[in-house]
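> This is target39.tsv (TSV, C-alpha atoms and all ligand atoms).
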chain	number	residue	atom	x	y	z
L	146	MET	CA	125.86	-58.22	-115.98
L	147	LYS	CA	128.26	-60.97	-115.06
L	148	HIS	CA	129.51	-61.52	-111.53
L	149	VAL	CA	133.24	-61.72	-110.76
L	150	LEU	CA	134.68	-62.72	-107.40
L	151	VAL	CA	138.15	-61.38	-106.62
L	152	LEU	CA	140.16	-63.42	-104.10
L	153	PHE	CA	142.88	-61.59	-102.14
L	154	GLY	CA	145.32	-62.14	-99.28
L	155	GLY	CA	146.03	-65.81	-98.65
L	156	VAL	CA	148.11	-68.03	-96.39
L	157	SER	CA	151.37	-67.03	-98.05
L	158	SER	CA	154.58	-65.12	-97.41
L	159	GLU	CA	153.37	-62.88	-100.26
L	160	HIS	CA	150.06	-61.96	-98.55
L	161	GLU	CA	150.80	-58.20	-98.52
L	162	VAL	CA	151.82	-58.15	-102.17
L	163	SER	CA	148.48	-59.77	-102.99
L	164	LEU	CA	146.58	-57.02	-101.17
L	165	ARG	CA	148.17	-54.40	-103.41
L	166	SER	CA	147.68	-56.39	-106.61
L	167	ALA	CA	144.04	-57.11	-105.74
L	168	ALA	CA	143.25	-53.45	-104.99
L	169	SER	CA	144.50	-52.51	-108.48
L	170	VAL	CA	142.42	-55.24	-110.10
L	171	ILE	CA	139.26	-54.31	-108.17
L	172	ARG	CA	139.59	-50.63	-109.10
L	173	ASN	CA	139.97	-51.42	-112.78
L	174	ILE	CA	137.18	-53.91	-113.45
L	175	ASP	CA	134.61	-52.37	-115.81
L	176	ARG	CA	131.53	-51.86	-113.60
L	177	ALA	CA	129.30	-51.50	-116.64
L	178	LYS	CA	129.97	-55.16	-117.43
L	179	TRP	CA	130.73	-56.75	-114.09
L	180	THR	CA	129.31	-56.96	-110.60
L	181	VAL	CA	132.30	-57.32	-108.29
L	182	SER	CA	132.52	-59.22	-104.99
L	183	THR	CA	135.69	-59.50	-102.95
L	184	LEU	CA	136.69	-62.33	-100.65
L	185	GLY	CA	139.76	-62.10	-98.43
L	186	VAL	CA	141.70	-65.01	-97.00
L	187	THR	CA	143.49	-63.97	-93.79
L	188	LYS	CA	147.10	-64.99	-93.12
L	189	ASP	CA	145.82	-67.71	-90.81
L	190	GLY	CA	143.36	-68.96	-93.39
L	191	ARG	CA	139.93	-67.51	-92.48
L	192	TRP	CA	137.66	-66.73	-95.45
L	193	LEU	CA	135.73	-63.45	-95.27
L	194	LEU	CA	133.45	-61.73	-97.76
L	195	TYR	CA	134.44	-58.05	-97.68
L	196	THR	CA	132.11	-55.23	-98.74
L	197	GLY	CA	134.13	-52.21	-97.54
L	198	ALA	CA	136.52	-49.76	-99.19
L	199	THR	CA	139.22	-50.96	-101.57
L	200	GLU	CA	141.83	-48.73	-99.85
L	201	LYS	CA	141.42	-50.91	-96.76
L	202	ILE	CA	142.34	-53.97	-98.77
L	203	GLU	CA	145.43	-52.20	-100.02
L	204	ASP	CA	146.66	-51.12	-96.57
L	205	GLY	CA	145.61	-54.33	-94.79
L	206	SER	CA	143.07	-52.67	-92.47
L	207	TRP	CA	140.11	-54.53	-94.11
L	208	ILE	CA	140.57	-57.16	-91.45
L	209	ASP	CA	139.48	-54.68	-88.74
L	210	ASP	CA	136.49	-53.39	-90.75
L	211	GLY	CA	134.06	-55.66	-88.89
L	212	GLU	CA	130.78	-54.23	-90.20
L	213	HIS	CA	131.85	-55.08	-93.76
L	214	LEU	CA	133.00	-58.64	-93.06
L	215	THR	CA	130.94	-61.83	-93.21
L	216	SER	CA	132.21	-65.41	-93.06
L	217	ALA	CA	131.85	-67.00	-96.47
L	218	VAL	CA	133.24	-69.95	-98.41
L	219	LEU	CA	133.44	-70.99	-102.02
L	220	SER	CA	131.23	-74.03	-102.31
L	221	PRO	CA	132.56	-77.21	-103.92
L	222	ASP	CA	128.89	-77.98	-104.70
L	223	ARG	CA	128.47	-77.26	-108.41
L	224	SER	CA	124.79	-76.41	-108.01
L	225	VAL	CA	125.88	-73.39	-105.93
L	226	HIS	CA	128.51	-72.31	-108.51
L	227	GLY	CA	129.90	-69.68	-106.19
L	228	LEU	CA	129.76	-68.49	-102.62
L	229	THR	CA	127.97	-69.65	-99.53
L	230	VAL	CA	127.74	-66.65	-97.20
L	231	LEU	CA	127.28	-67.55	-93.55
L	232	HIS	CA	125.02	-64.83	-92.13
L	233	GLU	CA	123.96	-65.06	-88.50
L	234	SER	CA	120.42	-65.60	-89.74
L	235	GLY	CA	121.45	-68.48	-92.00
L	236	ALA	CA	123.34	-69.36	-95.18
L	237	GLU	CA	122.91	-67.56	-98.49
L	238	ASN	CA	124.23	-68.88	-101.83
L	239	ILE	CA	125.52	-66.37	-104.39
L	240	ARG	CA	126.21	-67.47	-107.96
L	241	VAL	CA	129.50	-66.29	-109.45
L	242	ASP	CA	130.41	-66.39	-113.16
L	243	VAL	CA	134.16	-66.21	-112.80
L	244	VAL	CA	136.78	-66.05	-110.04
L	245	PHE	CA	139.92	-63.90	-110.28
L	246	PRO	CA	142.42	-65.33	-107.78
L	247	VAL	CA	144.83	-62.45	-107.13
L	248	LEU	CA	146.88	-64.59	-104.75
L	249	HIS	CA	150.65	-64.87	-104.89
L	250	GLY	CA	152.79	-67.80	-103.79
L	251	LYS	CA	151.74	-70.73	-101.68
L	252	ASN	CA	148.05	-71.64	-101.36
L	253	GLY	CA	147.04	-69.38	-104.21
L	254	GLU	CA	149.45	-69.55	-107.12
L	255	ASP	CA	150.57	-73.14	-106.58
L	256	GLY	CA	147.55	-75.08	-107.84
L	257	THR	CA	145.79	-75.61	-104.52
L	258	MET	CA	143.17	-72.88	-105.04
L	259	GLN	CA	142.98	-73.77	-108.72
L	260	GLY	CA	142.21	-77.40	-107.82
L	261	PHE	CA	139.45	-76.25	-105.53
L	262	LEU	CA	137.96	-74.01	-108.25
L	263	GLN	CA	138.09	-76.82	-110.79
L	264	LEU	CA	136.31	-79.09	-108.32
L	265	ALA	CA	133.70	-76.39	-107.82
L	266	GLY	CA	133.26	-76.04	-111.60
L	267	ILE	CA	133.74	-72.26	-111.56
L	268	PRO	CA	135.71	-70.56	-114.38
L	269	PHE	CA	138.77	-68.70	-113.11
L	270	VAL	CA	141.53	-66.44	-114.39
L	271	GLY	CA	144.97	-67.89	-115.01
L	272	CYS	CA	146.60	-71.28	-115.09
L	273	ASP	CA	144.89	-74.55	-114.17
L	274	THR	CA	145.87	-76.87	-111.32
L	275	LEU	CA	148.65	-78.80	-113.02
L	276	SER	CA	150.29	-75.86	-114.80
L	277	SER	CA	150.16	-73.75	-111.63
L	278	ALA	CA	151.69	-76.52	-109.52
L	279	MET	CA	154.41	-77.28	-112.06
L	280	SER	CA	155.25	-73.60	-112.58
L	281	MET	CA	155.58	-73.06	-108.84
L	282	ASP	CA	158.26	-75.74	-108.47
L	283	LYS	CA	161.67	-74.65	-109.75
L	284	ALA	CA	162.97	-78.23	-109.96
L	285	VAL	CA	160.01	-79.11	-112.22
L	286	THR	CA	160.29	-75.99	-114.42
L	287	ASN	CA	164.04	-76.51	-114.80
L	288	THR	CA	163.44	-80.14	-115.80
L	289	ILE	CA	160.87	-79.07	-118.41
L	290	ALA	CA	163.15	-76.31	-119.72
L	291	ASP	CA	165.94	-78.89	-120.16
L	292	HIS	CA	163.50	-81.22	-121.88
L	293	ILE	CA	162.37	-78.65	-124.47
L	294	GLY	CA	165.88	-77.28	-124.98
L	295	VAL	CA	165.42	-73.83	-123.45
L	296	PRO	CA	168.87	-72.85	-122.12
L	297	GLN	CA	169.30	-72.11	-118.41
L	298	ALA	CA	171.96	-72.08	-115.69
L	299	LYS	CA	173.54	-75.38	-114.66
L	300	TRP	CA	171.49	-76.69	-111.76
L	301	LEU	CA	170.98	-79.49	-109.24
L	302	GLY	CA	167.97	-80.52	-107.14
L	303	VAL	CA	168.50	-81.71	-103.55
L	304	LEU	CA	165.94	-83.21	-101.15
L	305	LYS	CA	166.11	-82.50	-97.43
L	306	THR	CA	166.51	-86.21	-96.71
L	307	GLU	CA	169.39	-86.51	-99.20
L	308	TYR	CA	171.15	-83.54	-97.63
L	309	ALA	CA	170.67	-84.94	-94.13
L	310	ALA	CA	172.30	-88.18	-95.26
L	311	ASP	CA	175.33	-86.64	-97.00
L	312	ALA	CA	175.72	-82.88	-96.44
L	313	GLU	CA	179.47	-82.85	-97.02
L	314	GLY	CA	179.35	-84.87	-100.21
L	315	ILE	CA	176.59	-82.68	-101.64
L	316	ALA	CA	178.50	-79.51	-100.73
L	317	ARG	CA	181.63	-80.85	-102.42
L	318	ARG	CA	179.89	-82.05	-105.59
L	319	SER	CA	177.83	-78.85	-105.89
L	320	ALA	CA	180.91	-76.66	-105.61
L	321	ALA	CA	182.74	-78.78	-108.19
L	322	TYR	CA	179.84	-78.78	-110.69
L	323	LEU	CA	178.44	-75.26	-110.22
L	324	GLY	CA	181.42	-73.26	-108.91
L	325	PHE	CA	181.02	-70.04	-106.89
L	326	PRO	CA	179.03	-67.93	-106.63
L	327	LEU	CA	176.10	-70.32	-106.69
L	328	PHE	CA	172.48	-69.73	-105.73
L	329	VAL	CA	170.50	-71.83	-103.29
L	330	LYS	CA	166.71	-71.57	-103.53
L	331	PRO	CA	163.70	-73.39	-102.15
L	332	ALA	CA	162.01	-75.26	-105.04
L	333	ASN	CA	158.67	-73.77	-103.97
L	334	ALA	CA	158.63	-70.23	-102.62
L	335	GLY	CA	158.68	-66.79	-104.22
L	336	SER	CA	159.63	-63.14	-103.70
L	337	SER	CA	163.22	-64.34	-103.11
L	338	VAL	CA	162.23	-65.74	-99.69
L	339	GLY	CA	164.87	-68.33	-98.73
L	340	VAL	CA	167.15	-67.50	-101.69
L	341	THR	CA	170.87	-67.06	-100.91
L	342	LYS	CA	173.88	-66.20	-103.04
L	343	VAL	CA	176.73	-68.39	-101.83
L	344	CYS	CA	180.23	-67.09	-102.52
L	345	GLY	CA	182.28	-69.79	-100.81
L	346	ALA	CA	182.15	-73.23	-99.20
L	347	ASP	CA	181.85	-71.74	-95.67
L	348	ALA	CA	178.46	-70.24	-96.45
L	349	PHE	CA	176.99	-73.32	-98.13
L	350	ASP	CA	175.39	-75.10	-95.17
L	351	SER	CA	173.62	-72.08	-93.73
L	352	ALA	CA	172.18	-71.27	-97.18
L	353	MET	CA	170.88	-74.83	-97.44
L	354	GLN	CA	169.24	-74.55	-94.01
L	355	THR	CA	167.65	-71.22	-95.00
L	356	ALA	CA	166.17	-72.78	-98.13
L	357	PHE	CA	165.05	-75.97	-96.36
L	358	ALA	CA	163.13	-73.80	-93.88
L	359	GLN	CA	160.81	-72.96	-96.83
L	360	ASP	CA	160.63	-76.31	-98.61
L	361	ASP	CA	161.85	-79.91	-98.41
L	362	LYS	CA	163.30	-79.56	-101.89
L	363	VAL	CA	166.03	-77.13	-102.89
L	364	VAL	CA	167.45	-76.04	-106.23
L	365	LEU	CA	171.11	-75.06	-106.61
L	366	GLU	CA	172.23	-73.05	-109.61
L	367	GLU	CA	175.48	-71.65	-110.94
L	368	GLY	CA	175.48	-67.90	-110.41
L	369	ILE	CA	174.88	-66.04	-113.66
L	370	ASP	CA	176.67	-62.74	-114.12
L	371	GLY	CA	174.42	-60.72	-116.36
L	372	ILE	CA	171.22	-58.72	-116.58
L	373	GLU	CA	167.71	-59.79	-115.55
L	374	LEU	CA	164.99	-59.77	-118.20
L	375	GLU	CA	161.27	-60.41	-117.80
L	376	CYS	CA	158.58	-61.11	-120.36
L	377	ALA	CA	154.82	-60.67	-119.95
L	378	VAL	CA	152.71	-63.40	-121.54
L	379	ILE	CA	148.92	-63.20	-121.97
L	380	GLY	CA	146.62	-65.62	-123.83
L	381	ASN	CA	145.43	-69.20	-123.96
L	382	ASP	CA	146.33	-71.36	-126.97
L	383	GLU	CA	148.06	-68.50	-128.74
L	384	PRO	CA	150.14	-66.76	-126.09
L	385	TYR	CA	151.01	-63.13	-126.81
L	386	ALA	CA	154.33	-61.85	-125.45
L	387	PRO	CA	154.79	-58.37	-126.87
L	388	MET	CA	157.30	-56.85	-124.45
L	389	VAL	CA	160.54	-57.58	-122.61
L	390	GLY	CA	161.59	-55.57	-119.57
L	391	GLU	CA	164.87	-55.31	-117.69
L	392	ILE	CA	165.54	-55.06	-113.98
L	393	THR	CA	168.65	-53.64	-112.37
L	394	PRO	CA	168.43	-54.66	-108.71
L	395	CYS	CA	169.59	-52.07	-106.18
L	396	ASN	CA	171.12	-54.87	-104.05
L	397	ASP	CA	173.68	-57.55	-104.87
L	398	PHE	CA	170.82	-59.62	-106.31
L	399	TYR	CA	167.05	-59.15	-106.60
L	400	ASP	CA	166.26	-60.14	-103.01
L	401	TYR	CA	163.10	-59.42	-101.00
L	402	GLU	CA	164.38	-56.05	-99.89
L	403	ALA	CA	165.25	-54.94	-103.40
L	404	LYS	CA	161.81	-56.06	-104.60
L	405	TYR	CA	159.54	-54.52	-101.98
L	406	ILE	CA	161.34	-52.43	-99.40
L	407	ALA	CA	164.12	-50.38	-100.93
L	408	ALA	CA	162.14	-50.02	-104.18
L	409	GLU	CA	165.15	-48.38	-105.78
L	410	SER	CA	165.69	-51.12	-108.30
L	411	GLU	CA	165.56	-49.73	-111.83
L	412	LEU	CA	163.12	-50.97	-114.42
L	413	HIS	CA	163.66	-50.45	-118.15
L	414	ILE	CA	160.85	-51.08	-120.59
L	415	PRO	CA	161.68	-52.05	-123.23
L	416	ALA	CA	164.83	-53.81	-122.07
L	417	ARG	CA	168.06	-52.25	-123.32
L	418	VAL	CA	169.03	-55.24	-125.45
L	419	ASP	CA	169.56	-55.99	-129.12
L	420	GLU	CA	166.72	-57.26	-131.26
L	421	GLU	CA	167.90	-60.86	-131.30
L	422	THR	CA	168.01	-61.05	-127.49
L	423	PHE	CA	164.54	-59.46	-127.34
L	424	ARG	CA	163.11	-62.02	-129.77
L	425	THR	CA	164.83	-64.94	-128.07
L	426	VAL	CA	163.25	-63.95	-124.75
L	427	GLN	CA	159.80	-63.61	-126.37
L	428	ARG	CA	160.14	-66.98	-128.09
L	429	ASP	CA	161.48	-68.87	-125.08
L	430	ALA	CA	158.85	-67.28	-122.80
L	431	CYS	CA	156.11	-68.64	-125.06
L	432	ARG	CA	157.81	-72.05	-125.33
L	433	VAL	CA	158.01	-72.40	-121.55
L	434	PHE	CA	154.42	-71.12	-121.15
L	435	ARG	CA	153.13	-73.71	-123.62
L	436	ALA	CA	155.25	-76.59	-122.34
L	437	LEU	CA	153.90	-76.07	-118.83
L	438	GLY	CA	150.33	-75.88	-120.15
L	439	CYS	CA	149.85	-72.32	-118.92
L	440	THR	CA	146.78	-70.25	-119.81
L	441	GLY	CA	145.72	-66.70	-119.08
L	442	LEU	CA	148.86	-65.00	-117.86
L	443	SER	CA	152.42	-65.53	-116.70
L	444	ARG	CA	155.61	-63.54	-116.34
L	445	VAL	CA	158.62	-65.49	-117.53
L	446	ASP	CA	162.02	-64.38	-116.19
L	447	PHE	CA	165.46	-64.74	-117.75
L	448	PHE	CA	169.10	-63.71	-117.47
L	449	ARG	CA	171.28	-62.51	-120.29
L	450	ARG	CA	174.80	-63.58	-119.42
L	451	SER	CA	177.39	-60.85	-119.82
L	452	SER	CA	180.25	-63.05	-121.07
L	453	ASP	CA	178.54	-64.54	-124.14
L	454	ARG	CA	175.19	-62.65	-124.23
L	455	LYS	CA	173.32	-65.95	-123.99
L	456	VAL	CA	169.67	-65.82	-122.86
L	457	LEU	CA	169.02	-68.19	-119.95
L	458	PHE	CA	165.61	-69.08	-118.50
L	459	ASN	CA	165.28	-68.40	-114.75
L	460	GLU	CA	161.70	-68.93	-113.60
L	461	ILE	CA	158.01	-68.46	-114.36
L	462	ASN	CA	155.38	-66.74	-112.21
L	463	THR	CA	151.78	-67.65	-113.04
L	464	ILE	CA	150.29	-64.88	-110.88
L	465	PRO	CA	152.96	-62.19	-111.06
L	466	GLY	CA	152.80	-58.95	-109.08
L	467	PHE	CA	149.82	-57.26	-110.69
L	468	THR	CA	149.43	-53.66	-109.54
L	469	SER	CA	149.21	-51.08	-112.30
L	470	ILE	CA	152.91	-50.29	-111.65
L	471	SER	CA	154.12	-53.90	-111.51
L	472	MET	CA	156.52	-55.14	-114.16
L	473	TYR	CA	153.91	-57.45	-115.72
L	474	SER	CA	151.35	-54.69	-116.21
L	475	LYS	CA	153.88	-52.07	-117.22
L	476	MET	CA	155.19	-54.30	-119.99
L	477	LEU	CA	151.73	-54.80	-121.48
L	478	ILE	CA	150.83	-51.13	-121.01
L	479	ALA	CA	154.03	-50.21	-122.88
L	480	ALA	CA	152.91	-52.56	-125.65
L	481	GLY	CA	149.67	-50.61	-125.94
L	482	VAL	CA	147.30	-52.60	-123.71
L	483	PRO	CA	145.95	-50.32	-120.93
L	484	TYR	CA	145.63	-51.82	-117.44
L	485	GLY	CA	141.83	-52.01	-117.52
L	486	GLU	CA	142.01	-53.80	-120.84
L	487	ILE	CA	144.47	-56.37	-119.40
L	488	VAL	CA	141.97	-57.16	-116.63
L	489	GLU	CA	139.10	-57.41	-119.13
L	490	ARG	CA	141.13	-59.69	-121.43
L	491	LEU	CA	142.04	-62.00	-118.56
L	492	LEU	CA	138.38	-62.33	-117.52
L	493	GLY	CA	137.48	-63.04	-121.15
L	494	LEU	CA	140.24	-65.65	-121.45
L	495	ALA	CA	138.90	-67.39	-118.32
L	496	LEU	CA	135.39	-67.59	-119.77
L	497	GLU	CA	136.80	-68.75	-123.13
L	498	LYS	CA	138.77	-71.54	-121.47
L	499	TRP	CA	136.21	-72.81	-118.99
L	500	GLY	CA	132.94	-71.52	-120.40
L	601	LIG	N1	171.29	-68.68	-111.11
L	601	LIG	C1	171.26	-67.40	-110.73
L	601	LIG	N2	172.25	-66.53	-111.07
L	601	LIG	C2	172.23	-65.22	-110.69
L	601	LIG	N3	171.25	-64.68	-109.94
L	601	LIG	C3	170.25	-65.48	-109.55
L	601	LIG	C4	170.19	-66.87	-109.94
L	601	LIG	N4	169.05	-67.40	-109.43
L	601	LIG	C5	168.44	-66.40	-108.75
L	601	LIG	N5	169.15	-65.25	-108.82
L	601	LIG	C6	168.80	-63.96	-108.18
L	601	LIG	O1	167.86	-64.20	-107.14
L	601	LIG	C7	166.60	-63.58	-107.44
L	601	LIG	C8	165.47	-64.48	-106.94
L	601	LIG	O2	165.56	-65.75	-107.53
L	601	LIG	P1	164.34	-66.40	-108.31
L	601	LIG	O3	164.80	-67.69	-108.90
L	601	LIG	O4	163.78	-65.42	-109.27
L	601	LIG	O5	163.30	-66.72	-107.15
L	601	LIG	P2	161.90	-66.08	-106.68
L	601	LIG	O6	160.87	-67.05	-107.14
L	601	LIG	O7	161.98	-66.02	-105.20
L	601	LIG	O8	161.76	-64.75	-107.37
L	601	LIG	C9	166.64	-63.37	-108.94
L	601	LIG	O9	165.78	-62.32	-109.35
L	601	LIG	C10	168.11	-63.03	-109.15
L	601	LIG	O10	168.39	-61.69	-108.74
L	602	MG	MG	162.05	-64.24	-109.35
Starting from the file, lay out its structure as structure tokens.
Ligand SMILES: Nc1ncnc2c1ncn2[C@@H]1O[C@H](COP(=O)(O)OP(=O)(O)O)[C@@H](O)[C@H]1O
Ligand SMILES: [Mg+2]


Amino acid sequence: MKHVLVLFGGVSSEHEVSLRSAASVIRNIDRAKWTVSTLGVTKDGRWLLYTGATEKIEDGSWIDDGEHLTSAVLSPDRSVHGLTVLHESGAENIRVDVVFPVLHGKNGEDGTMQGFLQLAGIPFVGCDTLSSAMSMDKAVTNTIADHIGVPQAKWLGVLKTEYAADAEGIARRSAAYLGFPLFVKPANAGSSVGVTKVCGADAFDSAMQTAFAQDDKVVLEEGIDGIELECAVIGNDEPYAPMVGEITPCNDFYDYEAKYIAAESELHIPARVDEETFRTVQRDACRVFRALGCTGLSRVDFFRRSSDRKVLFNEINTIPGFTSISMYSKMLIAAGVPYGEIVERLLGLALEKWG
């Protein structure tokens, strides 16, 4: 039996989404092959080994389940190769074969946890430090997409200090280059937090302030009128991207509410597009995945513009929403890979990469 440690929660605006993803993963790990431990990181950053019911992870009540919680940390000491559990009676080291970080957004998907795991010498599922950090930053991914010739919306990057020095000039030049509507987004965030669709010059400054509240770097993009397409990628050196899905947001754009609250956005798998569009998305998803040095999994998102049907790269998520009904899983399931098999493959890919 090998031992897998699932990390959930995290100091992130996507903490709750992680709880749901992690519960799905935990339920679907093959217990004949794996011993499973679960470690939660609270919103304020406490690390707790949790031995209670998976439903309590899902609904967030694990944090009140005191008899099943013990302080514990991942040790950077490679001779431990796993957890140091801090019992009242003293510390206990537990060896772990592989870590599955089911953490979305900041402090989990952005390379910080991955750096820590690399330092600790423990194999883990998903992208390494550099590819996670690059994929998290929309100014970096857009730069790489330009570099490898993957088409995307016209865009500009703006630093908080630059904006403070010349807000009016930046507003004027952005409007002239990108037109309206344009999108303002924090370079590093997720789940549409801090993203605004700007339809006129009046609304520009408040959108910039909203984005700067999340990050000191902001990305501005021309608004694309079209459909949203997503592609699930799994693999290491030979990424496999069998399926493309389509999202029709129930709101004006795919904002936080449309993603998690209203839940009335429509998903179509496979996407209702012609074969050439489908193949272009698959090919460009793999090109972006490789160029960023990704391994394990990612969901790569695109638009298909209505006017000329051109496929445009939008963003990449290295730890996408991962419940059994999330877009990433549903795409692979539709391609014939059951959810439990996805989890097993990802654990295998982690051991193959780091083992
Ligand atoms: N350039 C754009 N044109 C049209 N819609 C956009 C554009 N950029 C973002 N959006 C809309 O905003 C949503 C969130 O933006 P996205 O870049 O995916 O950030 P996040 O990482 O928060 O998901 C997208 O799903 C889409 O609905
Ligand atoms: Mg997105």

> Using all atoms listed in the file, which residues sit within 7 Å of stretch 365-372 of chain L once same-chain residues fewer than 3 positions away are excluded, as a PyMOL selection string?

chain L and resi 298-302+323-330+448-451

> Give me a file of those residues, with C-alpha atoms, as a PDB file, in the frame of the given file.


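Below is the file result22.pdb, written as the result:
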ATOM      1  CA  ALA L 298     171.960 -72.080-115.690  1.00  0.00           C
ATOM      2  CA  LYS L 299     173.540 -75.380-114.660  1.00  0.00           C
ATOM      3  CA  TRP L 300     171.490 -76.690-111.760  1.00  0.00           C
ATOM      4  CA  LEU L 301     170.980 -79.490-109.240  1.00  0.00           C
ATOM      5  CA  GLY L 302     167.970 -80.520-107.140  1.00  0.00           C
ATOM      6  CA  LEU L 323     178.440 -75.260-110.220  1.00  0.00           C
ATOM      7  CA  GLY L 324     181.420 -73.260-108.910  1.00  0.00           C
ATOM      8  CA  PHE L 325     181.020 -70.040-106.890  1.00  0.00           C
ATOM      9  CA  PRO L 326     179.030 -67.930-106.630  1.00  0.00           C
ATOM     10  CA  LEU L 327     176.100 -70.320-106.690  1.00  0.00           C
ATOM     11  CA  PHE L 328     172.480 -69.730-105.730  1.00  0.00           C
ATOM     12  CA  VAL L 329     170.500 -71.830-103.290  1.00  0.00           C
ATOM     13  CA  LYS L 330     166.710 -71.570-103.530  1.00  0.00           C
ATOM     14  CA  PHE L 448     169.100 -63.710-117.470  1.00  0.00           C
ATOM     15  CA  ARG L 449     171.280 -62.510-120.290  1.00  0.00           C
ATOM     16  CA  ARG L 450     174.800 -63.580-119.420  1.00  0.00           C
ATOM     17  CA  SER L 451     177.390 -60.850-119.820  1.00  0.00           C
TER      18      SER L 451
END

> Please determine an axis-aligned box that encloses all atoms of stretch 349-361 of chain L listed in the file, with 4 Å added on each side, and express its centre and edge lengths in Å to one decimal as AutoDock Vina command-line options.


--center_x 168.8 --center_y -75.6 --center_z -96.2 --size_x 24.4 --size_y 16.7 --size_z 12.9

> Enter the distance from atom CA of L:Val230 to atom CA of L:His160, in Å, rounded to one decimal.

22.8 Å

> Wanna dump the stretch 208-228 of chain L-stretch 251-268 of chain L contacts at 7 Å for me, each residue with its shortest atom pair and the distance in Å to one decimal, counting only C-alpha atoms, ordered by chain and number, as CSV?


residue,atom,partner,partner_atom,distance
L:Ser220,CA,L:Ala265,CA,6.5
L:Pro221,CA,L:Ala265,CA,4.1
L:Asp222,CA,L:Ala265,CA,5.9
L:Arg223,CA,L:Ala265,CA,5.3
L:His226,CA,L:Ile267,CA,6.1

> Using only C-alpha atoms and all ligand atoms, which of the listed residues (L:Leu231, L:Val378, L:Val418, L:Val343) sits closest to ligand LIG 601 (chain L)?

L:Val343

> So that each row is one residue of chain L with an atom at most 10 Å from ligand MG 602 (chain L), can you give its shortest atom pair and the distance in Å to one decimal, using all atoms listed in the file, rows by chain and rising number, as CSV?


residue,atom,partner,partner_atom,distance
L:Ala334,CA,L:MG602,MG,9.6
L:Gly335,CA,L:MG602,MG,6.6
L:Ser336,CA,L:MG602,MG,6.2
L:Ser337,CA,L:MG602,MG,6.3
L:Val338,CA,L:MG602,MG,9.8
L:Val340,CA,L:MG602,MG,9.8
L:Glu373,CA,L:MG602,MG,9.5
L:Glu375,CA,L:MG602,MG,9.3
L:Tyr399,CA,L:MG602,MG,7.6
L:Asp400,CA,L:MG602,MG,8.6
L:Tyr401,CA,L:MG602,MG,9.7
L:Lys404,CA,L:MG602,MG,9.5
L:Arg444,CA,L:MG602,MG,9.5
L:Val445,CA,L:MG602,MG,9.0
L:Asp446,CA,L:MG602,MG,6.8
L:Phe447,CA,L:MG602,MG,9.1
L:Asn459,CA,L:MG602,MG,7.5
L:Glu460,CA,L:MG602,MG,6.3
L:Ile461,CA,L:MG602,MG,7.7
L:Asn462,CA,L:MG602,MG,7.7
L:Pro465,CA,L:MG602,MG,9.5

> Any idea what's packed within 7 Å of L:Lys283, counting only C-alpha atoms, ignoring anything in its chain fewer than 6 positions away? Could you give it as an NGL selection string?

:L and (332-333 or 364 or 460)

> When distances are computed from all atoms listed in the file, which of L:Gly211, L:Gly197, L:Gly250, L:Pro394 shows the smallest separation from L:Gly154?

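Of L:Gly211, L:Gly197, L:Gly250, L:Pro394, the one nearest L:Gly154 is L:Gly250, counting all atoms listed in the file.
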
> Of the candidates L:Ile464, L:Val285, L:Ile414, L:Val389, which shows the shortest atom-to-atom distance to L:Lys362, using only C-alpha atoms?

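Looking only at the distances to L:Lys362, the closest residue turns out to be L:Val285.
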
> Residues within 12 Å of L:Ile379, please, as an MDAnalysis selection string. Count all atoms listed in the file; anything in the same chain fewer than 3 positions from it doesn't count.

chainID L and resid 270:272 376 382:388 427 430:431 434:435 439:445 463:465 473:474 476:477 480 482 486:495

> Just to be explicit: take each residue in the selection above, keep C-alpha atoms, and write the result as a CSV table (one decimal), in the frame of the given file.


chain,number,residue,atom,x,y,z
L,270,VAL,CA,141.5,-66.4,-114.4
L,271,GLY,CA,145.0,-67.9,-115.0
L,272,CYS,CA,146.6,-71.3,-115.1
L,376,CYS,CA,158.6,-61.1,-120.4
L,382,ASP,CA,146.3,-71.4,-127.0
L,383,GLU,CA,148.1,-68.5,-128.7
L,384,PRO,CA,150.1,-66.8,-126.1
L,385,TYR,CA,151.0,-63.1,-126.8
L,386,ALA,CA,154.3,-61.8,-125.4
L,387,PRO,CA,154.8,-58.4,-126.9
L,388,MET,CA,157.3,-56.8,-124.4
L,427,GLN,CA,159.8,-63.6,-126.4
L,430,ALA,CA,158.8,-67.3,-122.8
L,431,CYS,CA,156.1,-68.6,-125.1
L,434,PHE,CA,154.4,-71.1,-121.2
L,435,ARG,CA,153.1,-73.7,-123.6
L,439,CYS,CA,149.8,-72.3,-118.9
L,440,THR,CA,146.8,-70.2,-119.8
L,441,GLY,CA,145.7,-66.7,-119.1
L,442,LEU,CA,148.9,-65.0,-117.9
L,443,SER,CA,152.4,-65.5,-116.7
L,444,ARG,CA,155.6,-63.5,-116.3
L,445,VAL,CA,158.6,-65.5,-117.5
L,463,THR,CA,151.8,-67.6,-113.0
L,464,ILE,CA,150.3,-64.9,-110.9
L,465,PRO,CA,153.0,-62.2,-111.1
L,473,TYR,CA,153.9,-57.4,-115.7
L,474,SER,CA,151.4,-54.7,-116.2
L,476,MET,CA,155.2,-54.3,-120.0
L,477,LEU,CA,151.7,-54.8,-121.5
L,480,ALA,CA,152.9,-52.6,-125.6
L,482,VAL,CA,147.3,-52.6,-123.7
L,486,GLU,CA,142.0,-53.8,-120.8
L,487,ILE,CA,144.5,-56.4,-119.4
L,488,VAL,CA,142.0,-57.2,-116.6
L,489,GLU,CA,139.1,-57.4,-119.1
L,490,ARG,CA,141.1,-59.7,-121.4
L,491,LEU,CA,142.0,-62.0,-118.6
L,492,LEU,CA,138.4,-62.3,-117.5
L,493,GLY,CA,137.5,-63.0,-121.2
L,494,LEU,CA,140.2,-65.6,-121.4
L,495,ALA,CA,138.9,-67.4,-118.3
